[in-house]
Amino acid sequence: MNKFDAEKDEVVIEVKDLVRKFGDRVVLNGINIKIRKGEIFVIMGGSGCGKSTLLRHIIGNLKPTSGQIFLMGKDIASAEEAALNEIRKKIGMSFQSSALFDSMTVGENVSLPLREHTKLNKNVIEIMVKMKLELVGLRGFEDLLPSEISGGMKKRVGLARAIAMDPQIVFYDEPTAGLDPIMSSVIDKLIVDLSNKLSMTSVVVTHDMKSVMAIADRIAMLYEGRVLEIGTPDEIKNSKNPLVKQFINGSFDGPISFFQEKEDYLDQLTG
Amino acid sequence: MSSIFFATGKMYLGFIREFTSILALLYDTVAWIVVGPFRGKVASRQSIFQQMVFAGVQSVIIVAFISLFTGIVIAMQSAYQLKQLGAVVYVAPMVSISITRELGPVFTALVVAGRVGSAIAAELGTMKVSEQIEALETLAIDPVRFLVVPRFLGLLVMVPCLTLMANFMGIVGGLIVGVTTLDIGFHRYVLFSFDFLVWKDIWSGLVKSALFAIAIAMISCHVGLSTKGGAEGVGKSTTLSVVISFIMIIVLDCIMTGVFFFSQV
Ligand SMILES: Nc1ncnc2c1ncn2[C@@H]1O[C@H](COP(=O)(O)OP(=O)(O)O)[C@@H](O)[C@H]1O
Ligand SMILES: [Mg+2]
């Protein structure tokens with residue numbers, strides 16, 4: 001399963017000591033990650049631990065409080081708008097909330113980047129849109145509005161839009177959340193296919209243990225704004241770290257406590 | 001006491017900051033319109049057209065209605081005064097001048113701010129809180145070029161057009177009163193309406209309306225794009241855009257009237 005050689009492979013994303021505060025709250029607290037060309041890199045972690053925020057920093061939508069981010073060799077945090085946009089044309093992002101444009105039809109959503117950034121003629125674009133929608137299992141839905149389709153379908157349209165320009169790197173923020181098991185497998189397979197056939201690099205945020213183990217080349221566990229551990233699925237599965245163990249097994253007991261200590265709780269209740 | 005001082009200072013700073021960012025947005029918008037075509041990146045004609053239809057065509061009936069009745073009211077009010085001087089026929093220029101200089105442009109702008117400005121703030125606000133603006137940026141599409149420019153152009157073209165129509169309807173309103181109840185006679189009314197009217201009355205009104213259009217576009221786009229906090233935030237932005245636009249329209253009106261008609265006094 002080790003198709004990568006850490007020394008030889010090209011690093012396309014490098015995050016160095018990334019710190020991000022919102023007000024006084026430290027959401028990302030010194031993240032270091034290197035992602036190699038062509039791999040499927042999965043980011044896991046409890047909700048609210050900063051996964052989406054990390055993705056937003058990598059694609060340049062948020063600026064770090066401190067630290068550096070290199071995306072395809074460019075320092076994203078200090079890049080000019082024009083340079084940033086050139087890089088953005090080579091990446092795709094599938095948002096957690098889909099973020100479809102609700103005044104546009106499904107077809108128009110997917111074709112927007114093609115219409116904006118290429119000089120392809122209308123018929124070609126139409127065919128490309130059909131192909132992308134076919135990939136996510138939504139052929140024939142071109143003329144519906146986002147308000148007329150379900151949440152899971154929106155997610156897939158968002159995915160089709162993300163890959164419309166055949167990007168080199170695709171970011172997926174919880175791509176299978178809210179999908180039925182069959183659709184989840186279809187999306188998992190799509191991610192693997194895109195990565196293998198077109199050698200796209202994929203960065204996937206997900207909670208879905210089944211799909212993590214099926215698709216991941218490497219996994220990073222995030223906890224309280226830090227990277228706990230990075231490794232292959234096997235390494236993560238056999239991790240000695242109790243935090244990682246608890247997360248993998250989804251067990252209630254462990255160092256990650258959902259409930260506060262009894263005294264703290266009583267203190268809070270009685271003010 | 002010091003807290004009042006502090007709060008006032010904070011409000012003042014907030015105001016300055018908002019005002020500066022609205023001017024920055026205006027600069028960006030104009031830059032896209034001027035430079036965009038040379039870089040092969042203009043706002044799509046289709047979206048400009050859509051905005052014109054929404055801002056202009058769909059406002060026609062309400063603007064016409066309001067200005068017709070404004071003309072009628074001014075005619076009745078001034079007739080009441082002018083009758084005592086035996087100068088009822090001067091109702092005609094009274095109506096035509098006050099409509100073209102002031103009421104046509106101002107009422108049209110207020111209607112558009114309430115109808116179109118609020119809709120822009122709500123739409124862009126919704127796009128902001130549902131990550132659609134962020135999605136645009138991620139697709140390397142500039143939200144100012146893609147969203148603000150068409151709205152700006154739509155308003156800039158249509159508000160003066162609506163104002164021209166409002167002027168016409170206001171004068172018609174006066175005419176109805178003059179002919180039906182004041183016995184002025186159709187020809188005499190029209191003659192008096194336009195005899196006293198000079199070009200400056202009309203063009204100064206149109207310049208004003210263009211400035212109002214710019215203010216409405218920039219305020220509602222800025223407020224919309226800086227929306228925070230879900231559906232509640234969208235509601236707040238909608239209200240805020242109307243309130244600020246109304247204030248700005250009146251302030252601009254005052255300044256422009258000073259420039260056009262008071263500076264030579
Ligand atoms: N724009 C923001 N302003 C303030 N806090 C934020 C902002 N964006 C995210 N956060 C906070 O950062 C934390 C991580 O959020 P997020 O990255 O969305 O988590 P997740 O891992 O579930 O994707 C959350 O506690 C959230 O409240
Ligand atoms: Mg998230």
# chains A, B, ... in the order shown; residues from 1 in each chain; ligands from 1
call {"tool": "interface_residues", "arguments": {"of": "chain B", "to": "chain A", "cutoff": "7 Å", "atoms": "only C-alpha atoms", "output": "MDAnalysis selection string"}}
result
chainID B and resid 130:132 135 138:140
call {"tool": "residues_near_ligand", "arguments": {"ligand": "ligand 1", "cutoff": "7 Å", "atoms": "only C-alpha atoms and all ligand atoms", "output": "PyMOL selection string"}}
result
chain A and resi 22+27+45-54
call {"tool": "write_last_selection", "arguments": {"atoms": "N, CA, C and O atoms", "output": "PDB file, in the first residue's frame"}}
result
ATOM      1  N   PHE A  22      -9.149  33.246  16.586  1.00  0.00           N
ATOM      2  CA  PHE A  22     -10.330  34.094  16.379  1.00  0.00           C
ATOM      3  C   PHE A  22     -10.548  34.809  17.691  1.00  0.00           C
ATOM      4  O   PHE A  22     -10.969  34.186  18.655  1.00  0.00           O
ATOM      5  N   VAL A  27      -7.751  28.509  17.494  1.00  0.00           N
ATOM      6  CA  VAL A  27      -8.435  27.405  16.826  1.00  0.00           C
ATOM      7  C   VAL A  27      -7.422  26.454  16.186  1.00  0.00           C
ATOM      8  O   VAL A  27      -7.548  25.242  16.270  1.00  0.00           O
ATOM      9  N   GLY A  45     -10.954  14.335  12.803  1.00  0.00           N
ATOM     10  CA  GLY A  45     -10.979  15.036  14.078  1.00  0.00           C
ATOM     11  C   GLY A  45     -12.400  15.350  14.468  1.00  0.00           C
ATOM     12  O   GLY A  45     -13.283  15.417  13.609  1.00  0.00           O
ATOM     13  N   GLY A  46     -12.630  15.537  15.748  1.00  0.00           N
ATOM     14  CA  GLY A  46     -13.970  15.830  16.238  1.00  0.00           C
ATOM     15  C   GLY A  46     -14.508  17.116  15.640  1.00  0.00           C
ATOM     16  O   GLY A  46     -13.746  17.948  15.156  1.00  0.00           O
ATOM     17  N   SER A  47     -15.831  17.261  15.643  1.00  0.00           N
ATOM     18  CA  SER A  47     -16.372  18.479  15.037  1.00  0.00           C
ATOM     19  C   SER A  47     -15.998  19.687  15.881  1.00  0.00           C
ATOM     20  O   SER A  47     -15.940  19.613  17.105  1.00  0.00           O
ATOM     21  N   GLY A  48     -15.696  20.771  15.186  1.00  0.00           N
ATOM     22  CA  GLY A  48     -15.287  21.992  15.872  1.00  0.00           C
ATOM     23  C   GLY A  48     -13.807  22.039  16.192  1.00  0.00           C
ATOM     24  O   GLY A  48     -13.344  22.977  16.829  1.00  0.00           O
ATOM     25  N   CYS A  49     -13.047  21.045  15.734  1.00  0.00           N
ATOM     26  CA  CYS A  49     -11.623  21.050  16.075  1.00  0.00           C
ATOM     27  C   CYS A  49     -10.809  21.849  15.055  1.00  0.00           C
ATOM     28  O   CYS A  49      -9.599  21.973  15.188  1.00  0.00           O
ATOM     29  N   GLY A  50     -11.453  22.387  14.029  1.00  0.00           N
ATOM     30  CA  GLY A  50     -10.750  23.300  13.136  1.00  0.00           C
ATOM     31  C   GLY A  50     -10.418  22.734  11.769  1.00  0.00           C
ATOM     32  O   GLY A  50      -9.580  23.283  11.057  1.00  0.00           O
ATOM     33  N   LYS A  51     -11.100  21.672  11.355  1.00  0.00           N
ATOM     34  CA  LYS A  51     -10.783  21.060  10.064  1.00  0.00           C
ATOM     35  C   LYS A  51     -11.142  21.986   8.902  1.00  0.00           C
ATOM     36  O   LYS A  51     -10.334  22.227   8.009  1.00  0.00           O
ATOM     37  N   SER A  52     -12.367  22.515   8.943  1.00  0.00           N
ATOM     38  CA  SER A  52     -12.777  23.421   7.862  1.00  0.00           C
ATOM     39  C   SER A  52     -11.910  24.670   7.854  1.00  0.00           C
ATOM     40  O   SER A  52     -11.548  25.184   6.796  1.00  0.00           O
ATOM     41  N   THR A  53     -11.590  25.145   9.043  1.00  0.00           N
ATOM     42  CA  THR A  53     -10.749  26.335   9.145  1.00  0.00           C
ATOM     43  C   THR A  53      -9.377  26.076   8.524  1.00  0.00           C
ATOM     44  O   THR A  53      -8.837  26.930   7.816  1.00  0.00           O
ATOM     45  N   LEU A  54      -8.852  24.880   8.756  1.00  0.00           N
ATOM     46  CA  LEU A  54      -7.560  24.515   8.161  1.00  0.00           C
ATOM     47  C   LEU A  54      -7.646  24.532   6.629  1.00  0.00           C
ATOM     48  O   LEU A  54      -6.791  25.117   5.952  1.00  0.00           O
TER      49      LEU A  54
END
call {"tool": "residues_around", "arguments": {"residues": "B:Pro93", "least_positions_apart": "5", "cutoff": "8 Å", "atoms": "only C-alpha atoms", "output": "ChimeraX atom specification"}}
result
/B:192-197
call {"tool": "residues_around", "arguments": {"residues": "B:Ser220", "least_positions_apart": "4", "cutoff": "7 Å", "atoms": "only C-alpha atoms", "output": "list in words"}}
result
Gly117, Ser118, Ile120, Ala121, Ile216, Gly224 and Ser241 of chain B
call {"tool": "write_last_selection", "arguments": {"atoms": "C-alpha atoms", "output": "PDB file, in the first residue's frame"}}
result
ATOM      1  CA  GLY B 117     -31.479  48.208  -2.353  1.00  0.00           C
ATOM      2  CA  SER B 118     -33.059  46.016   0.309  1.00  0.00           C
ATOM      3  CA  ILE B 120     -29.642  43.476  -3.054  1.00  0.00           C
ATOM      4  CA  ALA B 121     -28.594  43.534   0.609  1.00  0.00           C
ATOM      5  CA  ILE B 216     -27.877  52.935  -3.153  1.00  0.00           C
ATOM      6  CA  GLY B 224     -24.870  42.761   2.027  1.00  0.00           C
ATOM      7  CA  SER B 241     -29.186  49.072   3.923  1.00  0.00           C
TER       8      SER B 241
END
call {"tool": "closest_residue", "arguments": {"among": "A:Leu222, A:Met128, A:Leu120, A:Leu179", "to": "A:Ile163", "atoms": "only C-alpha atoms"}}
result
A:Met128
call {"tool": "atom_distance", "arguments": {"atom1": "atom CA of B:Ile74", "atom2": "atom CA of B:Val95"}}
result
6.2 Å
call {"tool": "select_by_dssp", "arguments": {"residues": "stretch 3-91 of chain A", "states": "helix (DSSP H, G or I)", "output": "list in words"}}
result
Lys51, Ser52, Thr53, Leu54, Leu55, Arg56, His57, Ile58, Ile76, Ala77, Ser78, Glu81, Ala82, Ala83, Leu84, Asn85, Glu86, Ile87 and Arg88 of chain A
call {"tool": "select_by_dssp", "arguments": {"residues": "stretch 35-238 of chain A", "states": "strand (DSSP E)", "output": "ChimeraX atom specification"}}
result
/A:35-36,40-44,66-71,74-75,91-94,169-173,201-205,218-223,226-231
call {"tool": "residues_around", "arguments": {"residues": "stretch 68-80 of chain A", "least_positions_apart": "6", "cutoff": "8 Å", "atoms": "only C-alpha atoms", "output": "number ranges by chain"}}
result
A: 11-18, 57-60, 87
call {"tool": "write_last_selection", "arguments": {"atoms": "N, CA, C and O atoms", "output": "CSV table (one decimal), in the first residue's frame"}}
result
chain,number,residue,atom,x,y,z
A,11,VAL,N,6.2,17.6,-2.9
A,11,VAL,CA,5.2,18.1,-1.9
A,11,VAL,C,4.4,19.2,-2.6
A,11,VAL,O,5.0,20.2,-3.1
A,12,VAL,N,3.1,19.1,-2.6
A,12,VAL,CA,2.3,20.1,-3.3
A,12,VAL,C,1.7,21.1,-2.3
A,12,VAL,O,1.3,22.2,-2.6
A,13,ILE,N,1.5,20.6,-1.0
A,13,ILE,CA,1.0,21.5,0.0
A,13,ILE,C,1.9,21.3,1.2
A,13,ILE,O,2.2,20.2,1.7
A,14,GLU,N,2.3,22.5,1.7
A,14,GLU,CA,3.1,22.4,3.0
A,14,GLU,C,2.6,23.5,3.9
A,14,GLU,O,2.5,24.6,3.6
A,15,VAL,N,2.2,23.0,5.1
A,15,VAL,CA,1.7,23.9,6.1
A,15,VAL,C,2.8,23.9,7.2
A,15,VAL,O,3.1,22.9,7.7
A,16,LYS,N,3.2,25.1,7.6
A,16,LYS,CA,4.3,25.2,8.6
A,16,LYS,C,3.9,26.1,9.8
A,16,LYS,O,3.6,27.3,9.6
A,17,ASP,N,3.9,25.5,10.9
A,17,ASP,CA,3.6,26.2,12.2
A,17,ASP,C,2.4,27.1,12.1
A,17,ASP,O,2.4,28.2,12.6
A,18,LEU,N,1.3,26.6,11.4
A,18,LEU,CA,0.1,27.5,11.3
A,18,LEU,C,-0.6,27.7,12.6
A,18,LEU,O,-1.0,26.7,13.2
A,57,HIS,N,-7.6,28.0,5.2
A,57,HIS,CA,-6.3,28.6,5.2
A,57,HIS,C,-5.5,28.1,4.0
A,57,HIS,O,-4.8,28.8,3.4
A,58,ILE,N,-5.6,26.8,3.8
A,58,ILE,CA,-4.8,26.2,2.7
A,58,ILE,C,-5.2,26.8,1.3
A,58,ILE,O,-4.3,27.1,0.5
A,59,ILE,N,-6.5,27.1,1.1
A,59,ILE,CA,-6.9,27.6,-0.2
A,59,ILE,C,-6.8,29.1,-0.2
A,59,ILE,O,-7.3,29.7,-1.2
A,60,GLY,N,-6.3,29.7,0.9
A,60,GLY,CA,-6.1,31.2,0.8
A,60,GLY,C,-7.3,32.0,1.2
A,60,GLY,O,-7.3,33.2,1.0
A,87,ILE,N,-3.6,30.4,-8.9
A,87,ILE,CA,-3.5,29.1,-8.2
A,87,ILE,C,-4.9,28.5,-8.0
A,87,ILE,O,-5.1,27.3,-8.2
call {"tool": "atom_distance", "arguments": {"atom1": "atom CA of B:Phe186", "atom2": "atom CA of B:Ala75"}}
result
14.4 Å
call {"tool": "atom_distance", "arguments": {"atom1": "atom CA of B:Leu68", "atom2": "atom CA of B:Met169"}}
result
4.9 Å
